[in-house]
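Asks: If it helps, the file is called run.tsv and holds TSV, C-alpha atoms:
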chain	number	residue	atom	x	y	z
A	1	MET	CA	152.47	-195.58	-17.72
A	2	ARG	CA	149.63	-194.17	-19.80
A	3	ASP	CA	147.29	-192.60	-17.25
A	4	PHE	CA	146.17	-192.62	-13.63
A	5	ARG	CA	144.39	-195.97	-14.08
A	6	ASP	CA	147.79	-197.66	-14.52
A	7	ALA	CA	148.91	-196.16	-11.22
A	8	LYS	CA	145.75	-197.58	-9.66
A	9	ALA	CA	146.63	-201.00	-11.05
A	10	MET	CA	150.08	-200.70	-9.48
A	11	ALA	CA	148.46	-199.81	-6.16
A	12	HIS	CA	146.13	-202.82	-6.43
A	13	THR	CA	149.08	-205.14	-7.13
A	14	LEU	CA	151.03	-203.69	-4.21
A	15	ARG	CA	148.12	-204.16	-1.84
A	16	ASP	CA	147.58	-207.78	-2.93
A	17	SER	CA	151.28	-208.54	-2.57
A	18	LEU	CA	151.38	-207.15	0.95
A	19	THR	CA	148.22	-209.04	1.90
A	20	VAL	CA	149.98	-212.30	0.99
A	21	LYS	CA	152.65	-211.34	3.51
A	22	ALA	CA	149.96	-210.64	6.13
A	23	ILE	CA	150.39	-206.88	5.81
A	24	ASN	CA	147.05	-205.17	5.37
A	25	ILE	CA	146.73	-201.62	4.04
A	26	SER	CA	143.77	-199.73	2.65
A	27	HIS	CA	143.37	-198.90	-1.04
A	28	GLY	CA	144.01	-195.24	-0.27
A	29	GLU	CA	147.22	-196.08	1.54
A	30	SER	CA	148.44	-198.14	-1.41
A	31	LEU	CA	147.76	-195.21	-3.75
A	32	GLU	CA	149.79	-192.92	-1.52
A	33	LEU	CA	152.68	-195.43	-1.44
A	34	VAL	CA	152.73	-195.73	-5.24
A	35	SER	CA	152.74	-191.93	-5.55
A	36	ARG	CA	155.76	-191.64	-3.27
A	37	MET	CA	157.58	-194.42	-5.12
A	38	LEU	CA	157.15	-192.36	-8.29
A	39	GLY	CA	158.58	-189.25	-6.61
A	40	VAL	CA	155.28	-187.39	-6.14
A	41	ALA	CA	153.99	-186.10	-2.82
A	42	ASP	CA	150.59	-187.80	-2.85
A	43	TRP	CA	147.93	-189.49	-4.98
A	44	ASN	CA	145.92	-186.34	-5.76
A	45	THR	CA	148.94	-184.65	-7.30
A	46	LEU	CA	149.98	-187.76	-9.24
A	47	SER	CA	146.47	-188.20	-10.62
A	48	ALA	CA	146.31	-184.58	-11.79
A	49	LEU	CA	149.71	-184.72	-13.45
A	50	LEU	CA	149.05	-188.03	-15.17
A	51	GLN	CA	145.71	-186.82	-16.51
A	52	ALA	CA	147.43	-183.73	-17.90
A	53	ASP	CA	150.07	-185.94	-19.50
A	54	GLY	CA	147.39	-188.14	-21.06
A	55	ARG	CA	146.20	-185.19	-23.16
A	56	GLY	CA	149.70	-184.26	-24.32
A	57	THR	CA	152.55	-185.97	-26.09
A	58	ALA	CA	155.27	-185.91	-23.47
A	59	THR	CA	156.00	-187.72	-20.24
A	60	PRO	CA	156.63	-185.03	-17.64
A	61	VAL	CA	159.53	-185.26	-15.23
A	62	VAL	CA	158.01	-183.93	-12.02
A	63	VAL	CA	159.33	-183.15	-8.59
A	64	SER	CA	156.37	-182.22	-6.43
A	65	GLN	CA	157.03	-180.53	-3.13
A	66	THR	CA	155.24	-181.80	-0.07
A	67	GLY	CA	152.22	-180.00	1.28
A	68	THR	CA	149.62	-177.80	-0.32
A	69	ALA	CA	148.59	-174.17	-0.11
A	70	SER	CA	145.28	-172.42	-0.70
A	71	TYR	CA	145.01	-169.25	-2.79
A	72	PRO	CA	142.31	-167.05	-4.27
A	73	ALA	CA	141.80	-168.18	-7.87
A	74	ILE	CA	140.87	-166.80	-11.27
A	75	PRO	CA	139.35	-169.18	-13.85
A	76	MET	CA	140.67	-168.27	-17.30
A	77	ARG	CA	138.23	-168.57	-20.21
A	78	ASP	CA	140.47	-168.00	-23.23
A	79	LEU	CA	144.07	-167.63	-22.08
A	80	VAL	CA	146.80	-170.08	-21.08
A	81	PRO	CA	149.40	-168.14	-19.04
A	82	PHE	CA	153.06	-169.19	-19.00
A	83	PRO	CA	155.72	-168.50	-16.35
A	84	VAL	CA	157.85	-165.35	-16.68
A	85	ALA	CA	155.28	-163.57	-18.87
A	86	THR	CA	153.14	-160.60	-17.81
A	87	TYR	CA	149.45	-160.61	-18.75
A	88	PRO	CA	146.61	-158.09	-18.49
A	89	LEU	CA	143.44	-159.85	-17.33
A	90	PHE	CA	139.90	-158.54	-17.73
A	91	ILE	CA	137.71	-159.57	-14.82
A	92	GLY	CA	133.92	-159.53	-14.80
A	93	ARG	CA	132.62	-162.42	-12.68
A	94	ALA	CA	131.61	-161.52	-9.12
A	95	LYS	CA	133.45	-164.49	-7.56
A	96	THR	CA	136.60	-163.59	-9.46
A	97	MET	CA	136.40	-159.98	-8.26
A	98	GLN	CA	136.02	-161.22	-4.68
A	99	ALA	CA	139.02	-163.51	-5.17
A	100	LEU	CA	141.04	-160.46	-6.27
A	101	ASN	CA	139.97	-158.58	-3.16
A	102	LEU	CA	141.20	-161.47	-1.00
A	103	ALA	CA	144.49	-161.60	-2.90
A	104	PHE	CA	145.16	-157.88	-2.48
A	105	GLU	CA	144.49	-158.21	1.24
A	106	ARG	CA	147.26	-160.83	1.49
A	107	GLN	CA	150.46	-161.28	-0.54
A	108	ARG	CA	148.86	-160.40	-3.90
A	109	GLU	CA	149.23	-164.02	-4.99
A	110	VAL	CA	146.53	-165.73	-7.02
A	111	VAL	CA	146.16	-169.02	-8.89
A	112	LEU	CA	145.22	-168.81	-12.57
A	113	ALA	CA	143.28	-171.92	-13.66
A	114	VAL	CA	142.44	-172.59	-17.31
A	115	GLN	CA	138.84	-173.58	-18.07
A	116	ARG	CA	138.16	-176.51	-20.37
A	117	GLN	CA	135.04	-174.77	-21.76
A	118	SER	CA	134.82	-170.98	-21.88
A	119	GLY	CA	131.02	-170.98	-21.52
A	120	VAL	CA	131.00	-172.40	-17.97
A	121	ASP	CA	130.28	-169.55	-15.53
A	122	GLU	CA	130.60	-171.53	-12.28
A	123	PRO	CA	133.55	-173.88	-12.86
A	124	GLY	CA	134.49	-176.62	-10.44
A	125	LEU	CA	137.49	-178.95	-10.37
A	126	LYS	CA	136.19	-181.04	-13.28
A	127	ASP	CA	135.80	-177.90	-15.43
A	128	ILE	CA	139.45	-176.80	-15.27
A	129	TYR	CA	142.74	-178.27	-16.42
A	130	PRO	CA	144.88	-179.84	-13.67
A	131	ILE	CA	147.97	-177.67	-14.21
A	132	GLY	CA	147.74	-173.93	-13.58
A	133	VAL	CA	150.08	-171.15	-12.50
A	134	LEU	CA	150.71	-169.00	-9.46
A	135	ALA	CA	150.73	-165.30	-10.34
A	136	GLN	CA	151.61	-162.05	-8.62
A	137	LEU	CA	149.12	-159.18	-8.93
A	138	LEU	CA	150.90	-155.99	-9.97
A	139	GLU	CA	148.16	-153.41	-10.44
A	140	VAL	CA	144.43	-153.11	-10.93
A	141	GLU	CA	142.27	-150.64	-12.86
A	142	ARG	CA	138.49	-150.33	-12.71
A	143	LEU	CA	137.01	-149.81	-16.17
A	144	ASP	CA	133.96	-147.73	-17.09
A	145	ASP	CA	131.77	-150.82	-17.59
A	146	GLY	CA	132.39	-151.99	-14.01
A	147	THR	CA	134.89	-154.72	-14.90
A	148	LEU	CA	138.50	-154.81	-13.74
A	149	LYS	CA	141.76	-154.81	-15.66
A	150	VAL	CA	144.49	-156.54	-13.67
A	151	LEU	CA	148.17	-156.81	-14.58
A	152	THR	CA	149.73	-160.10	-13.46
A	153	GLN	CA	153.25	-161.53	-13.44
A	154	ILE	CA	153.36	-165.33	-13.74
A	155	ARG	CA	155.67	-167.04	-11.27
A	156	ARG	CA	155.50	-170.82	-11.56
A	157	ARG	CA	153.44	-173.90	-12.42
A	158	VAL	CA	151.22	-175.55	-9.84
A	159	ALA	CA	149.16	-178.74	-9.72
A	160	ILE	CA	145.54	-177.93	-8.85
A	161	ARG	CA	144.08	-180.40	-6.35
A	162	ARG	CA	140.91	-178.57	-5.40
A	163	PHE	CA	138.93	-175.74	-6.99
A	164	VAL	CA	135.78	-174.28	-5.46
A	165	GLY	CA	133.60	-171.20	-5.64
A	166	GLU	CA	132.33	-171.29	-2.07
A	167	GLY	CA	131.94	-168.23	0.12
A	168	GLY	CA	131.50	-165.85	-2.80
A	169	ALA	CA	135.04	-166.27	-4.20
A	170	PHE	CA	136.94	-168.80	-6.27
A	171	ARG	CA	139.72	-170.60	-4.38
A	172	ALA	CA	142.25	-173.25	-5.38
A	173	GLU	CA	144.31	-175.69	-3.34
A	174	VAL	CA	147.58	-176.37	-5.13
A	175	ALA	CA	150.93	-178.13	-4.89
A	176	ASP	CA	154.10	-176.82	-6.48
A	177	VAL	CA	155.70	-178.65	-9.39
A	178	SER	CA	159.32	-178.30	-10.40
A	179	GLU	CA	161.22	-179.02	-13.59
A	180	GLY	CA	164.33	-180.07	-11.69
A	181	PRO	CA	167.90	-179.06	-12.69
A	182	ILE	CA	168.36	-177.06	-15.89
A	183	PRO	CA	169.42	-179.52	-18.64
A	184	GLU	CA	171.86	-178.75	-21.44
A	185	ALA	CA	170.08	-178.19	-24.77
A	186	PHE	CA	172.18	-175.64	-26.67
A	187	GLU	CA	171.43	-176.86	-30.20
A	188	LEU	CA	167.71	-177.20	-29.51
A	189	ILE	CA	167.57	-173.66	-28.09
A	190	GLN	CA	169.36	-172.29	-31.17
A	191	ARG	CA	166.96	-174.09	-33.50
A	192	ALA	CA	163.91	-172.90	-31.55
A	193	ALA	CA	165.08	-169.27	-31.46
A	194	LYS	CA	165.78	-169.24	-35.20
A	195	ARG	CA	162.46	-170.91	-35.99
A	196	PHE	CA	160.59	-168.43	-33.81
A	197	GLU	CA	162.13	-165.50	-35.72
A	198	SER	CA	160.69	-166.93	-38.95
A	199	TYR	CA	157.36	-167.61	-37.27
A	200	ALA	CA	157.02	-164.16	-35.67
A	201	ALA	CA	158.01	-161.93	-38.59
A	202	PRO	CA	155.01	-162.44	-40.92
A	203	ARG	CA	152.63	-162.35	-37.96
A	204	GLU	CA	154.06	-159.06	-36.68
A	205	ILE	CA	154.60	-160.63	-33.26
A	206	ARG	CA	156.50	-158.23	-31.04
A	207	VAL	CA	158.34	-159.78	-28.11
A	208	SER	CA	159.33	-157.48	-25.26
A	209	GLN	CA	163.07	-157.08	-24.94
A	210	ILE	CA	164.45	-159.88	-22.80
A	211	TRP	CA	167.88	-160.54	-21.41
A	212	PRO	CA	169.61	-162.67	-22.28
A	213	PRO	CA	168.13	-163.02	-25.81
A	214	LEU	CA	166.43	-166.32	-26.60
A	215	SER	CA	169.42	-167.66	-28.55
A	216	GLU	CA	171.72	-167.00	-25.57
A	217	THR	CA	169.41	-168.40	-22.90
A	218	ARG	CA	170.64	-171.69	-21.45
A	219	ASP	CA	167.30	-172.76	-19.89
A	220	PRO	CA	165.22	-174.66	-22.51
A	221	GLY	CA	162.15	-174.46	-20.29
A	222	ARG	CA	162.29	-170.67	-20.18
A	223	VAL	CA	162.73	-170.49	-23.96
A	224	ALA	CA	159.78	-172.85	-24.44
A	225	ASP	CA	157.56	-170.76	-22.16
A	226	ILE	CA	158.44	-167.46	-23.83
A	227	ILE	CA	157.70	-168.85	-27.29
A	228	SER	CA	154.57	-170.67	-26.09
A	229	SER	CA	153.10	-167.42	-24.77
A	230	HIS	CA	153.23	-165.96	-28.31
A	231	ILE	CA	152.40	-168.75	-30.75
A	232	VAL	CA	148.81	-169.16	-31.93
A	233	LEU	CA	147.21	-172.45	-30.82
A	234	PRO	CA	143.86	-173.75	-29.57
A	235	ILE	CA	143.49	-173.54	-25.79
A	236	SER	CA	143.75	-177.32	-25.31
A	237	ASP	CA	147.03	-177.47	-27.24
A	238	LYS	CA	148.47	-174.54	-25.34
A	239	HIS	CA	147.58	-176.15	-22.04
A	240	ASP	CA	149.31	-179.34	-23.16
A	241	LEU	CA	152.48	-177.24	-23.42
A	242	LEU	CA	151.90	-175.79	-19.96
A	243	ALA	CA	151.38	-179.31	-18.58
A	244	THR	CA	154.54	-180.69	-20.24
A	245	ILE	CA	156.90	-180.38	-17.30
A	246	ASP	CA	160.08	-181.73	-18.85
A	247	PRO	CA	161.72	-178.56	-20.30
A	248	VAL	CA	163.51	-180.30	-23.18
A	249	VAL	CA	160.44	-182.22	-24.25
A	250	ARG	CA	158.38	-179.03	-24.02
A	251	LEU	CA	160.78	-177.08	-26.24
A	252	GLN	CA	160.89	-179.94	-28.75
A	253	ARG	CA	157.11	-179.87	-28.89
A	254	VAL	CA	157.11	-176.09	-29.39
A	255	CYS	CA	159.45	-176.51	-32.37
A	256	GLU	CA	157.19	-179.18	-33.83
A	257	LEU	CA	154.16	-176.93	-33.51
A	258	MET	CA	155.94	-174.03	-35.22
A	259	ASP	CA	157.21	-176.33	-37.96
A	260	GLY	CA	153.65	-177.55	-38.50
A	261	SER	CA	152.17	-174.05	-38.52
A	262	VAL	CA	151.90	-173.96	-42.32
A	263	LEU	CA	148.36	-175.04	-43.12
A	264	SER	CA	147.31	-176.75	-46.30
A	265	VAL	CA	145.37	-174.78	-48.90
A	266	ALA	CA	141.84	-175.97	-49.62
A	267	PRO	CA	141.53	-177.34	-53.18
A	268	ALA	CA	138.81	-174.80	-53.95
A	269	LEU	CA	141.17	-171.96	-53.00
A	270	GLU	CA	143.92	-173.39	-55.20
A	271	MET	CA	141.45	-173.20	-58.10
A	272	THR	CA	140.48	-169.65	-57.10
A	273	LYS	CA	144.08	-168.47	-57.13
A	274	ARG	CA	144.58	-170.09	-60.52
A	275	ARG	CA	141.40	-168.36	-61.74
A	276	ALA	CA	142.79	-165.00	-60.57
A	277	ILE	CA	145.96	-165.55	-62.60
A	278	ASP	CA	143.80	-166.48	-65.60
A	279	HIS	CA	141.78	-163.26	-65.24
A	280	ALA	CA	145.06	-161.35	-65.52
A	281	ASN	CA	146.35	-163.48	-68.41
A	282	GLN	CA	143.16	-162.98	-70.40
A	283	ARG	CA	143.67	-159.22	-70.22
A	284	LYS	CA	147.41	-159.59	-70.94
A	285	HIS	CA	148.19	-158.04	-67.56
A	286	GLN	CA	151.75	-158.46	-66.34
A	287	TYR	CA	150.62	-158.63	-62.72
A	288	ALA	CA	147.76	-160.32	-60.87
A	289	THR	CA	146.33	-157.82	-58.38
A	290	LEU	CA	143.89	-158.01	-55.48
A	291	GLU	CA	141.17	-157.02	-57.89
A	292	HIS	CA	141.87	-160.05	-60.07
A	293	LEU	CA	141.80	-162.13	-56.89
A	294	LEU	CA	138.53	-160.61	-55.67
A	295	LEU	CA	136.92	-161.29	-59.04
A	296	ALA	CA	137.97	-164.93	-58.69
A	297	LEU	CA	136.67	-165.06	-55.11
A	298	ILE	CA	133.14	-164.27	-56.30
A	299	ASP	CA	133.06	-167.82	-57.70
A	300	ASP	CA	134.73	-169.33	-54.62
A	301	ALA	CA	132.16	-171.22	-52.51
A	302	ASP	CA	133.62	-170.19	-49.14
A	303	ALA	CA	134.17	-166.53	-50.02
A	304	SER	CA	130.80	-166.14	-51.72
A	305	THR	CA	129.10	-167.46	-48.57
A	306	VAL	CA	130.59	-164.56	-46.59
A	307	LEU	CA	129.65	-162.09	-49.32
A	308	ARG	CA	126.06	-163.30	-49.41
A	309	ALA	CA	125.88	-163.12	-45.60
A	310	GLY	CA	126.76	-159.45	-46.02
A	311	ASN	CA	123.96	-159.00	-48.58
A	312	VAL	CA	126.38	-158.24	-51.42
A	313	ASP	CA	124.96	-158.16	-54.96
A	314	LEU	CA	127.48	-160.53	-56.55
A	315	GLY	CA	126.45	-159.65	-60.11
A	316	ALA	CA	126.94	-155.94	-59.51
A	317	LEU	CA	130.28	-156.53	-57.78
A	318	ARG	CA	131.45	-158.71	-60.67
A	319	ALA	CA	130.53	-155.97	-63.19
A	320	ARG	CA	132.35	-153.26	-61.21
A	321	LEU	CA	135.49	-155.39	-60.91
A	322	ALA	CA	135.50	-156.28	-64.61
A	323	SER	CA	135.13	-152.60	-65.52
A	324	TYR	CA	137.99	-151.65	-63.21
A	325	LEU	CA	140.30	-154.34	-64.61
A	326	ASP	CA	139.48	-153.49	-68.23
A	327	ASN	CA	139.79	-149.71	-67.90
A	328	GLU	CA	142.07	-148.86	-64.96
A	329	LEU	CA	144.94	-151.30	-65.43
A	330	LYS	CA	145.99	-150.51	-68.99
A	331	ASP	CA	149.54	-149.86	-67.79
A	332	PHE	CA	149.72	-153.53	-66.78
A	333	VAL	CA	149.18	-154.76	-70.34
A	334	THR	CA	152.15	-156.58	-71.84
A	335	GLU	CA	152.77	-158.67	-74.92
A	336	ASN	CA	155.16	-160.98	-73.09
A	337	ALA	CA	153.97	-164.58	-72.81
A	338	GLY	CA	153.68	-166.40	-69.50
A	339	ASP	CA	151.61	-166.23	-66.37
A	340	ALA	CA	150.97	-162.95	-64.64
A	341	LYS	CA	152.94	-162.45	-61.44
A	342	PRO	CA	151.08	-161.90	-58.15
A	343	THR	CA	151.67	-158.42	-56.73
A	344	PRO	CA	153.14	-158.01	-53.22
A	345	ALA	CA	149.64	-157.19	-51.94
A	346	PHE	CA	148.33	-160.44	-53.46
A	347	GLN	CA	151.09	-162.34	-51.65
A	348	ARG	CA	150.52	-160.50	-48.36
A	349	VAL	CA	146.85	-161.37	-48.41
A	350	ALA	CA	147.61	-165.05	-49.00
A	351	GLN	CA	150.04	-165.01	-46.07
A	352	ARG	CA	147.61	-163.22	-43.76
A	353	ALA	CA	144.85	-165.63	-44.71
A	354	ALA	CA	147.02	-168.52	-43.53
A	355	ILE	CA	147.56	-166.82	-40.17
A	356	LYS	CA	143.84	-166.12	-39.74
A	357	ALA	CA	142.95	-169.72	-40.57
A	358	GLN	CA	145.40	-170.94	-37.94
A	359	GLU	CA	144.03	-168.53	-35.33
A	360	LEU	CA	140.53	-169.89	-35.98
A	361	GLY	CA	141.75	-173.48	-35.69
A	362	GLN	CA	140.77	-174.34	-39.26
A	363	PRO	CA	142.27	-177.42	-40.94
A	364	ALA	CA	142.96	-175.56	-44.21
A	365	ILE	CA	143.06	-172.06	-45.70
A	366	THR	CA	139.89	-171.13	-47.60
A	367	GLY	CA	138.63	-168.37	-49.83
A	368	ALA	CA	136.78	-166.87	-46.85
A	369	ASN	CA	140.11	-166.35	-45.07
A	370	VAL	CA	141.49	-164.61	-48.16
A	371	LEU	CA	138.43	-162.36	-48.42
A	372	LEU	CA	138.70	-161.35	-44.76
A	373	SER	CA	142.40	-160.70	-45.20
A	374	ILE	CA	141.71	-158.26	-48.06
A	375	ILE	CA	139.21	-156.35	-45.95
A	376	PHE	CA	141.30	-156.19	-42.78
A	377	THR	CA	144.86	-155.76	-44.08
A	378	GLU	CA	144.59	-154.03	-47.47
A	379	THR	CA	142.13	-151.32	-46.56
A	380	ARG	CA	143.48	-148.80	-49.11
A	381	SER	CA	143.23	-151.15	-52.07
A	382	PRO	CA	140.57	-150.69	-54.78
A	383	ALA	CA	139.36	-154.20	-53.92
A	384	ALA	CA	138.66	-153.22	-50.31
A	385	ARG	CA	137.01	-149.96	-51.44
A	386	LEU	CA	134.73	-151.83	-53.83
A	387	LEU	CA	133.71	-154.19	-51.04
A	388	GLY	CA	132.96	-151.20	-48.84
A	389	GLN	CA	130.81	-149.67	-51.55
A	390	HIS	CA	128.80	-152.90	-51.65
A	391	GLY	CA	128.14	-152.87	-47.93
A	392	ILE	CA	130.99	-155.08	-46.71
A	393	SER	CA	132.86	-153.19	-43.99
A	394	ARG	CA	135.38	-154.20	-41.34
A	395	GLU	CA	132.64	-153.82	-38.74
A	396	ARG	CA	130.28	-156.09	-40.69
A	397	VAL	CA	132.93	-158.76	-41.13
A	398	ALA	CA	133.83	-158.55	-37.44
A	399	GLU	CA	130.15	-159.06	-36.65
A	400	LEU	CA	130.00	-162.15	-38.89
A	401	ILE	CA	133.09	-163.57	-37.17
A	402	ALA	CA	131.83	-162.75	-33.66
A	403	ARG	CA	128.66	-164.79	-34.14
A	404	ASP	CA	130.69	-167.98	-33.88
A	405	ALA	CA	133.50	-166.74	-31.68
A	406	PRO	CA	133.72	-167.72	-27.95
A	407	ALA	CA	133.37	-165.11	-25.26
A	408	ASN	CA	136.65	-163.24	-24.75
A	409	GLU	CA	136.30	-162.37	-21.07
A	410	THR	CA	139.27	-163.64	-19.12
A	411	GLY	CA	137.77	-164.30	-15.72
Take the structure in this file and express it as structure tokens.
Replies:
Amino acid sequence: MRDFRDAKAMAHTLRDSLTVKAINISHGESLELVSRMLGVADWNTLSALLQADGRGTATPVVVSQTGTASYPAIPMRDLVPFPVATYPLFIGRAKTMQALNLAFERQREVVLAVQRQSGVDEPGLKDIYPIGVLAQLLEVERLDDGTLKVLTQIRRRVAIRRFVGEGGAFRAEVADVSEGPIPEAFELIQRAAKRFESYAAPREIRVSQIWPPLSETRDPGRVADIISSHIVLPISDKHDLLATIDPVVRLQRVCELMDGSVLSVAPALEMTKRRAIDHANQRKHQYATLEHLLLALIDDADASTVLRAGNVDLGALRARLASYLDNELKDFVTENAGDAKPTPAFQRVAQRAAIKAQELGQPAITGANVLLSIIFTETRSPAARLLGQHGISRERVAELIARDAPANETG
């Protein structure tokens, strides 16, 4: 079954077949019967789950409990929360604040619903993804700007049937979804835990101490959720993981995403890196430094666009870099033949550029990513100092990035 329209076709066939036998039911009744035959409580839940599945790669195995419950709700602009994790949320919308008030008056339970588009201020059911989570409110802090910081503990997945902003507060009507019995997936868990170690180290991802450790956890769904809460993905891809109910399929998908996290390098950047090595070779330098790389970036189309946006005099920067390389790196001169070797800082910048490109959802790593990596991660380098002297600061780069970045308010 591909999506909810196939379920509708099944309902239509069922209704026609019963009519032949002189049994008449309405279209709505046939939809409800098909839902129950598929092990789901009702048509609304089946439709939501099938639509979520249509955007992902896995067929969820779902056990939906009967009945629904209504909770105060928080629409999430830029975060996909996963069960077990704890998240700080920053709340600014009036209807979200009122929803929090209602939640604190009751059992401190609230539904977190992920928005499809962060720019929608008054989301309805069509503006949110069909799978969300039920969370427990732990504590709240009022900030100086009037917004709220709320600490939440995520409990479980829910299927969102209704989402409204009536009465001054967001509310959601939801049904529980369950992953069923815990399946055996020892080898998959071991592979995922090992892959996550390699993924997290260069990104300086710090995971709170958990017990048992990932490699000793027997629940593949829990392992998938812990890793999913830390890997860098676009919102739609992260929600696809949240909406993949089958725990084994979800963990397999997480491994695939981590395995595919190495982006390709744009051809122009490959030429830029080669040009940096050549700058070092021409001066008989044993090592290629960030300054060689920055000199090469001046002629990189993507990097030079950022530099020009910061009003950098490229000619003056080129002259300063050439002077530095010719006069300050005499200790690097060697008569040995062969290409210069990139310094550890050169390699770090290339690695950080790949991470930044992935965070921004870019299809390939460009010279602009490398330039930003120099500024943000190698602040004590002569290259970063020279950029600062030419008016390129961390604040200026952050401003250039923020112009195209989505709003980062949670709710």
Asks: What are the centre and the three edge lengths of an axis-aligned box that wraps all atoms of segment 194-202 of chain A in the file, given that 6 Å is added to every side, written as JSON and rounded to one decimal in Å?
Replies:
{"center_x": 160.4, "center_y": -166.4, "center_z": -37.4, "size_x": 22.8, "size_y": 21.0, "size_z": 19.1}
Asks: Tell me which protein, DNA and RNA residues are within 12 Å of Lys194 of chain A, counting only C-alpha atoms, leaving out same-chain ones fewer than 4 positions away, and put them as a VMD selection string.
Replies: chain A and resid 187 to 190 198 to 201 213 to 216 223 227 255 258 to 259
Asks: Determine, counting all atoms listed in the file, which protein, DNA and RNA residues have an atom within 12 Å of an atom of Met76 of chain A; residues of the same chain fewer than 3 positions away are not included. Present the result as a PyMOL selection string.
Replies: chain A and resi 73+79-81+87-93+96+111-123+127-129+132-133+170+235+239+407-411
Asks: Looking at all atoms listed in the file, which of A:Ile131, A:Ala368, A:Leu100, A:Ala175 is the one that sits closest to Lys149 of chain A?
Replies: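 Of all the options, A:Leu100 lies closest to Lys149 of chain A.
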Asks: So that I can see what lies close to Gln136 of chain A, please list as a PyMOL selection string the residues with an atom at most 7 Å from it, counting all atoms listed in the file and leaving out residues fewer than 6 positions away in the same chain.
Replies: chain A and resi 108-110+152-155
Asks: What is the distance between atom CA of Thr217 of chain A and atom CA of Leu241 of chain A, in Å to one decimal?
Replies: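 Interatomic distance, atom CA of Thr217 of chain A to atom CA of Leu241 of chain A: 19.1 Å.
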Asks: Which distance in Å separates atom CA of Gly310 of chain A and atom CA of Gly388 of chain A, to one decimal?
Replies: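 The value is 10.7 Å.
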Asks: For the atom pair atom CA of Asp219 of chain A and atom CA of Glu197 of chain A, what is the interatomic distance in Å to one decimal place?
Replies: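 Separation of atom CA of Asp219 of chain A and atom CA of Glu197 of chain A: 18.2 Å.
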Asks: Kindly indicate which residue among A:Ile277, A:Val265, A:Ala296, A:Ala243 lies nearest to Asp225 of chain A, using all atoms listed in the file for the distances.
Replies: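 Checking each of A:Ile277, A:Val265, A:Ala296, A:Ala243 against Asp225 of chain A, counting all atoms listed in the file, the winner is A:Ala243.
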Asks: Would you please work out which residue, of A:Glu29, A:Asp278, A:Asp302, A:Asp144, is nearest to Gly338 of chain A when using only C-alpha atoms?
Replies: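 The answer is A:Asp278, which sits nearest to Gly338 of chain A.
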Asks: Need the shell around Ala288 of chain A: protein/DNA/RNA residues with any atom at most 7 Å away, counting only C-alpha atoms. Skip same-chain ones fewer than 3 positions apart. Format as an mmCIF file with C-alpha atoms, in the frame of the given file?
Replies:
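Result saved to out-v5.cif:
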data_model
loop_
_atom_site.group_PDB
_atom_site.id
_atom_site.type_symbol
_atom_site.label_atom_id
_atom_site.label_comp_id
_atom_site.auth_asym_id
_atom_site.auth_seq_id
_atom_site.Cartn_x
_atom_site.Cartn_y
_atom_site.Cartn_z
ATOM 1 C CA ALA A 276 142.790 -165.000 -60.570
ATOM 2 C CA ILE A 277 145.960 -165.550 -62.600
ATOM 3 C CA ALA A 280 145.060 -161.350 -65.520
ATOM 4 C CA HIS A 292 141.870 -160.050 -60.070
ATOM 5 C CA ALA A 340 150.970 -162.950 -64.640
ATOM 6 C CA LYS A 341 152.940 -162.450 -61.440
ATOM 7 C CA PRO A 342 151.080 -161.900 -58.150
ATOM 8 C CA THR A 343 151.670 -158.420 -56.730
#
Asks: Name the residues in contact with Leu290 of chain A at a cut-off of 12 Å, using all atoms listed in the file, excluding same-chain residues fewer than 6 positions from it; report them as a ChimeraX atom specification.
Replies: /A:273,276-277,279-280,296-297,321,324-325,341-350,370-371,373-375,377-387
Asks: Would you mind telling me which residue in A:Pro267, A:Gly391, A:Gly367, A:Pro72 lies nearest to Arg171 of chain A when using all atoms listed in the file?
Replies: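 Counting all atoms listed in the file, the residue closest to Arg171 of chain A is A:Pro72.
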Asks: From the options A:Ile245, A:Tyr71, A:Asp300, A:Thr289, which residue's atoms come nearest to Met271 of chain A, counting only C-alpha atoms?
Replies: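 Between A:Ile245, A:Tyr71, A:Asp300, A:Thr289, the residue approaching Met271 of chain A most closely is A:Asp300.
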Asks: Starting from the incomplete input, reconstruct N, CA and C atoms of segment 368-373 of chain A and write that as a short mmCIF file (atom, residue, chain, number, x, y, z; two decimals), keeping the file's coordinate frame.
Replies:
data_model
loop_
_atom_site.label_atom_id
_atom_site.label_comp_id
_atom_site.auth_asym_id
_atom_site.auth_seq_id
_atom_site.Cartn_x
_atom_site.Cartn_y
_atom_site.Cartn_z
N ALA A 368 137.32 -167.80 -47.85
CA ALA A 368 136.78 -166.87 -46.85
C ALA A 368 137.91 -166.19 -46.09
N ASN A 369 138.96 -166.94 -45.75
CA ASN A 369 140.11 -166.35 -45.07
C ASN A 369 140.78 -165.30 -45.94
N VAL A 370 140.89 -165.57 -47.23
CA VAL A 370 141.49 -164.61 -48.16
C VAL A 370 140.64 -163.35 -48.25
N LEU A 371 139.33 -163.51 -48.35
CA LEU A 371 138.43 -162.36 -48.42
C LEU A 371 138.57 -161.49 -47.18
N LEU A 372 138.58 -162.11 -46.00
CA LEU A 372 138.70 -161.35 -44.76
C LEU A 372 140.05 -160.65 -44.68
N SER A 373 141.08 -161.30 -45.22
CA SER A 373 142.40 -160.70 -45.20
C SER A 373 142.45 -159.44 -46.06
#
